[in-house]
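**Q** Here it is: the structure, laid out below.
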Amino acid sequence: MLEKYYRINQAAGVSIHIKNDGALSVSACLVSVSDNQLEISRKLPDLKATDELKMQLPAKSFIALNLSGKGILHKKIDKVEAVHPGNFNLILPNGKPEDFYIQNFVSGDHSFFSIIRKTDADKWISELQGMGFIPLMLSLGPFPVQNIIGQLNVYDPEFMFNGHIIQRDDKLGWTGYKYEETKISAFPLKVELESIHEQLVIPYAAAFQLVLAAKLDAVYAGVPALETALSQKLADNKLNVQGFMVLTAFFILLLVNFVLFSWLGTSNAQLAMQAGRTAQSTTDMQGISDTIKQKEGLLHILGWEEGINKSALVDQVAAMLPPELTWKEVAIDPIDLNSTRAQKSLNFYNREIRVTGYSEKIIPVNEWIARVKTKTWVKNIQLASYTYNGEINTGQFTVTLNY
């Protein structure tokens, strides 16, 4: 029950890809966990340099660093549980394992080894530490994606994103990996229902396995300093929680003693009268609470939503429509299919307007979204999807608006 308090509740995944010419591609993703709900609280898909991380991420953030590209060697061999000098030659002939940080990702009957020279990796770790961050985990290549691939809208054995090509068999075990810079996903990627830039897939995977390190079979390179820091952080969290529980139990014990002695000092008649009044008050409050809940439920079913003039909102949105766009359908508080299936009763989204229509290009759609954002009553508006329909020779879009 207390395990959720032992974990790291906020972490940033930082991906640094070194191109062949030495140029860097940096992206980052800040993940937070609250009440067993995980959310991506900050998305940084295309940073120009690592220096920008200091301005974009909170100070003293816990970092799951991922390195890929030049300087990292990946090799697939038959399954190996552990690396030692005897089998290291299968990965790098004539190499010395003590010179490298080694990552072993086992999938099916194969091991995918990734290695990097300690001097190269330590340089990036030290740079992050110099910015005031706290690195706790290092991973290499796209292999941490294994822990989040089930959350993505990926259904084919081969999976491409941001130059990475992952090949899997029918049982979804990895059979191969290669990198081609020009390869991108054939469709917009989503984590559950939330859109995610493909440059953020690896940073999200790295951050995800750090916040859930105690529960996942994390894919990471063995860096003794980082492993010690992570273990110490989790141990400190556990100690703090246990200390708080001891103090709470002691306080409750004192409170119980105080209440007990107070109760002994009162008469049975007073206790009876007080109990009667309390019971009556509780009954009255429960009745009022049940009545309020019934009325609130009825208002929710009727879609009252504080008497908002929804037709006026639709008129305002339509008035901003560029001439290049054509509406097909507008739905106010549409059916929530996931909730309806889960609860086996009809459920609707609250305060949402969903518009579908046609546009030959996406630019007018983005222009319209930018116009609508200027309305003070618009809390959020986003492009849920845009696909080109060859049958009608135009693009189809879906936009969701929350008010």
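Labeling convention for the structure tokens: chains A, B, ... as they appear, residues from 1 per chain, ligands from 1 in order of appearance.
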Tell me, as a ChimeraX atom specification, which residues lie within 9 Å of Asn147 (chain A), counting only C-alpha atoms; anything in the same chain fewer than 5 positions away does not count.
**A** /A:205,208-209,216-219
**Q** Would you write out those residues with C-alpha atoms, as a short mmCIF file (atom, residue, chain, number, x, y, z; two decimals), in the first residue's frame?
**A**
data_model
loop_
_atom_site.label_atom_id
_atom_site.label_comp_id
_atom_site.auth_asym_id
_atom_site.auth_seq_id
_atom_site.Cartn_x
_atom_site.Cartn_y
_atom_site.Cartn_z
CA ALA A 205 10.28 5.65 -22.27
CA PHE A 208 8.69 6.12 -17.52
CA GLN A 209 11.07 3.34 -16.50
CA LEU A 216 9.62 -2.63 -14.20
CA ASP A 217 12.38 -4.70 -15.74
CA ALA A 218 14.17 -1.51 -16.77
CA VAL A 219 16.52 -1.50 -19.76
#
**Q** Report as a PyMOL selection string all protein, DNA and RNA residues lying within 10 Å of Ala225 (chain A), evaluated on only C-alpha atoms, omitting residues in the same chain fewer than 5 positions from it.
**A** chain A and resi 135-137+230
**Q** Export all heavy atoms of the chosen residues as a tab-separated table (two decimals), in the first residue's frame?
**A**
chain	number	residue	atom	x	y	z
A	135	PRO	N	21.29	12.97	-12.49
A	135	PRO	CA	21.13	11.76	-13.32
A	135	PRO	C	21.08	10.51	-12.45
A	135	PRO	O	21.89	10.35	-11.54
A	135	PRO	CB	22.39	11.77	-14.20
A	135	PRO	CG	22.95	13.15	-14.10
A	135	PRO	CD	22.57	13.64	-12.74
A	136	LEU	N	20.11	9.62	-12.73
A	136	LEU	CA	19.94	8.40	-11.95
A	136	LEU	C	19.97	7.15	-12.82
A	136	LEU	O	20.03	6.04	-12.28
A	136	LEU	CB	18.62	8.44	-11.17
A	136	LEU	CG	18.51	9.49	-10.07
A	136	LEU	CD1	17.14	9.40	-9.40
A	136	LEU	CD2	19.61	9.33	-9.03
A	137	MET	N	19.89	7.30	-14.15
A	137	MET	CA	19.84	6.12	-15.01
A	137	MET	C	20.36	6.48	-16.40
A	137	MET	O	20.09	7.57	-16.91
A	137	MET	CB	18.40	5.59	-15.11
A	137	MET	CG	18.25	4.27	-15.85
A	137	MET	SD	16.53	3.69	-15.84
A	137	MET	CE	16.36	3.16	-14.12
A	230	LEU	N	20.53	5.94	-7.50
A	230	LEU	CA	19.12	5.56	-7.59
A	230	LEU	C	18.70	4.74	-6.38
A	230	LEU	O	17.64	4.99	-5.78
A	230	LEU	CB	18.88	4.76	-8.88
A	230	LEU	CG	17.46	4.22	-9.08
A	230	LEU	CD1	16.43	5.33	-9.07
A	230	LEU	CD2	17.37	3.42	-10.38
**Q** Output as a PyMOL selection string all residues of region 311-345 of chain A that backbone DSSP marks as strand (DSSP E or B).
**A** chain A and resi 326-332+335
**Q** Export, as a short mmCIF file (atom, residue, chain, number, x, y, z; two decimals), in the first residue's frame, the selected residues with C-alpha atoms.
**A**
data_model
loop_
_atom_site.label_atom_id
_atom_site.label_comp_id
_atom_site.auth_asym_id
_atom_site.auth_seq_id
_atom_site.Cartn_x
_atom_site.Cartn_y
_atom_site.Cartn_z
CA THR A 326 -15.72 22.82 -44.71
CA TRP A 327 -17.54 21.44 -41.69
CA LYS A 328 -18.93 17.94 -41.90
CA GLU A 329 -20.17 17.50 -38.36
CA VAL A 330 -20.16 19.25 -34.99
CA ALA A 331 -20.86 17.31 -31.80
CA ILE A 332 -21.47 18.89 -28.41
CA ILE A 335 -20.25 10.03 -26.35
#
**Q** Return the single residue from A:Glu127, A:Asp315, A:Asp21, A:Asp333 that is closest to Leu401 (chain A), with distances computed using only C-alpha atoms.
**A** A:Asp333
**Q** Using DSSP secondary structure from the backbone, list all alpha helix (DSSP H) positions within region 130-366 of chain A, as a ChimeraX atom specification.
**A** /A:130,201-211,224-264,268-302,310-319,337-343,363-366
**Q** Please provide the set of residues having any atom within 9 Å of region 363-380 of chain A, restricted to only C-alpha atoms, with same-chain residues fewer than 4 positions apart removed, written as a VMD selection string.
**A** chain A and resid 313 316 to 317 320 to 325 359 397 399 to 403
**Q** For Ile134 (chain A), which residue out of A:Glu180, A:Ile18, A:Gln270, A:Leu226 is the nearest one, using only C-alpha atoms?
**A**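 The shortest atom-to-atom distance to Ile134 (chain A) comes from A:Leu226.
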**Q** Which residues, written as a VMD selection string, have at least one atom at most 9 Å from region 159-169 of chain A, with only C-alpha atoms counted and residues fewer than 4 positions away on the same chain left out?
**A** chain A and resid 141 to 142 154 to 155 173 to 186 189 198 to 199 201
**Q** Do you know which residues are at most 7 Å from Val14 (chain A) counting only C-alpha atoms, after dropping those on the same chain fewer than 2 positions away, and could you put them as an NGL selection string?
**A** :A and (12 or 16 or 27-29 or 63-66 or 203)
**Q** Env of Lys233 (chain A): 12 Å cut, atoms = only C-alpha atoms, seq-sep filter 6 positions within chain, self excluded. Answer as a PyMOL selection string.
**A** chain A and resi 6-9+62+134-137+210-211+213-214+226-227+239-240
**Q** With N, CA, C and O atoms retained, could you export that selection as a CSV table (one decimal), in the first residue's frame?
**A**
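What follows is the written file out_17.csv:
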chain,number,residue,atom,x,y,z
A,6,TYR,N,7.1,5.3,-2.1
A,6,TYR,CA,8.6,5.1,-2.2
A,6,TYR,C,9.2,5.5,-3.5
A,6,TYR,O,10.4,5.8,-3.6
A,7,ARG,N,8.4,5.6,-4.6
A,7,ARG,CA,8.9,5.8,-5.9
A,7,ARG,C,9.3,7.3,-6.1
A,7,ARG,O,9.0,8.1,-5.3
A,8,ILE,N,9.9,7.5,-7.3
A,8,ILE,CA,10.2,8.9,-7.7
A,8,ILE,C,9.0,9.4,-8.5
A,8,ILE,O,8.5,8.8,-9.4
A,9,ASN,N,8.4,10.5,-8.0
A,9,ASN,CA,7.1,11.0,-8.5
A,9,ASN,C,7.3,11.9,-9.7
A,9,ASN,O,6.3,12.3,-10.4
A,62,PHE,N,15.3,14.8,-11.5
A,62,PHE,CA,15.9,13.5,-11.6
A,62,PHE,C,15.9,13.2,-13.1
A,62,PHE,O,14.9,13.3,-13.8
A,134,ILE,N,20.1,15.8,-11.5
A,134,ILE,CA,20.5,14.6,-10.8
A,134,ILE,C,20.3,13.4,-11.7
A,134,ILE,O,19.2,12.8,-11.7
A,135,PRO,N,21.3,13.0,-12.5
A,135,PRO,CA,21.1,11.8,-13.3
A,135,PRO,C,21.1,10.5,-12.4
A,135,PRO,O,21.9,10.3,-11.5
A,136,LEU,N,20.1,9.6,-12.7
A,136,LEU,CA,19.9,8.4,-12.0
A,136,LEU,C,20.0,7.1,-12.8
A,136,LEU,O,20.0,6.0,-12.3
A,137,MET,N,19.9,7.3,-14.2
A,137,MET,CA,19.8,6.1,-15.0
A,137,MET,C,20.4,6.5,-16.4
A,137,MET,O,20.1,7.6,-16.9
A,210,LEU,N,12.1,5.1,-15.2
A,210,LEU,CA,12.8,5.6,-14.0
A,210,LEU,C,11.8,5.8,-12.9
A,210,LEU,O,12.0,5.4,-11.7
A,211,VAL,N,10.6,6.4,-13.2
A,211,VAL,CA,9.6,6.6,-12.1
A,211,VAL,C,9.0,5.3,-11.6
A,211,VAL,O,8.5,5.2,-10.5
A,213,ALA,N,10.8,2.4,-11.6
A,213,ALA,CA,12.0,1.5,-11.6
A,213,ALA,C,11.8,0.3,-10.7
A,213,ALA,O,12.3,-0.8,-11.0
A,214,ALA,N,11.1,0.5,-9.6
A,214,ALA,CA,10.9,-0.6,-8.6
A,214,ALA,C,10.0,-1.7,-9.2
A,214,ALA,O,10.0,-2.8,-8.7
A,226,LEU,N,25.5,5.8,-10.9
A,226,LEU,CA,24.1,6.1,-11.1
A,226,LEU,C,23.2,5.0,-10.4
A,226,LEU,O,22.2,5.4,-9.8
A,227,GLU,N,23.6,3.8,-10.4
A,227,GLU,CA,22.9,2.7,-9.7
A,227,GLU,C,22.9,3.0,-8.2
A,227,GLU,O,21.9,2.8,-7.5
A,239,LEU,N,12.6,5.5,3.8
A,239,LEU,CA,12.9,5.9,5.2
A,239,LEU,C,12.0,7.1,5.6
A,239,LEU,O,11.5,7.1,6.7
A,240,ASN,N,11.8,8.1,4.7
A,240,ASN,CA,11.0,9.2,5.0
A,240,ASN,C,9.5,8.8,5.3
A,240,ASN,O,8.9,9.3,6.2
**Q** Have a look at A:Leu172, A:Ala318, A:Ala121, A:Ile202 and name the one nearest to Phe100 (chain A); count only C-alpha atoms.
**A**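 Residue with the minimum atom-to-atom distance to Phe100 (chain A): A:Ala121.
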**Q** Residues at most 6 Å from Gly395 (chain A), counting only C-alpha atoms, excluding those fewer than 4 positions away in the same chain, as a VMD selection string?
**A** chain A and resid 358 to 360 387 to 389
**Q** May I ask for the distance between CA of Pro58 (chain A) and CA of Val145 (chain A), given in Å to one decimal place?
**A**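 Going from CA of Pro58 (chain A) over to CA of Val145 (chain A) covers 24.2 Å.
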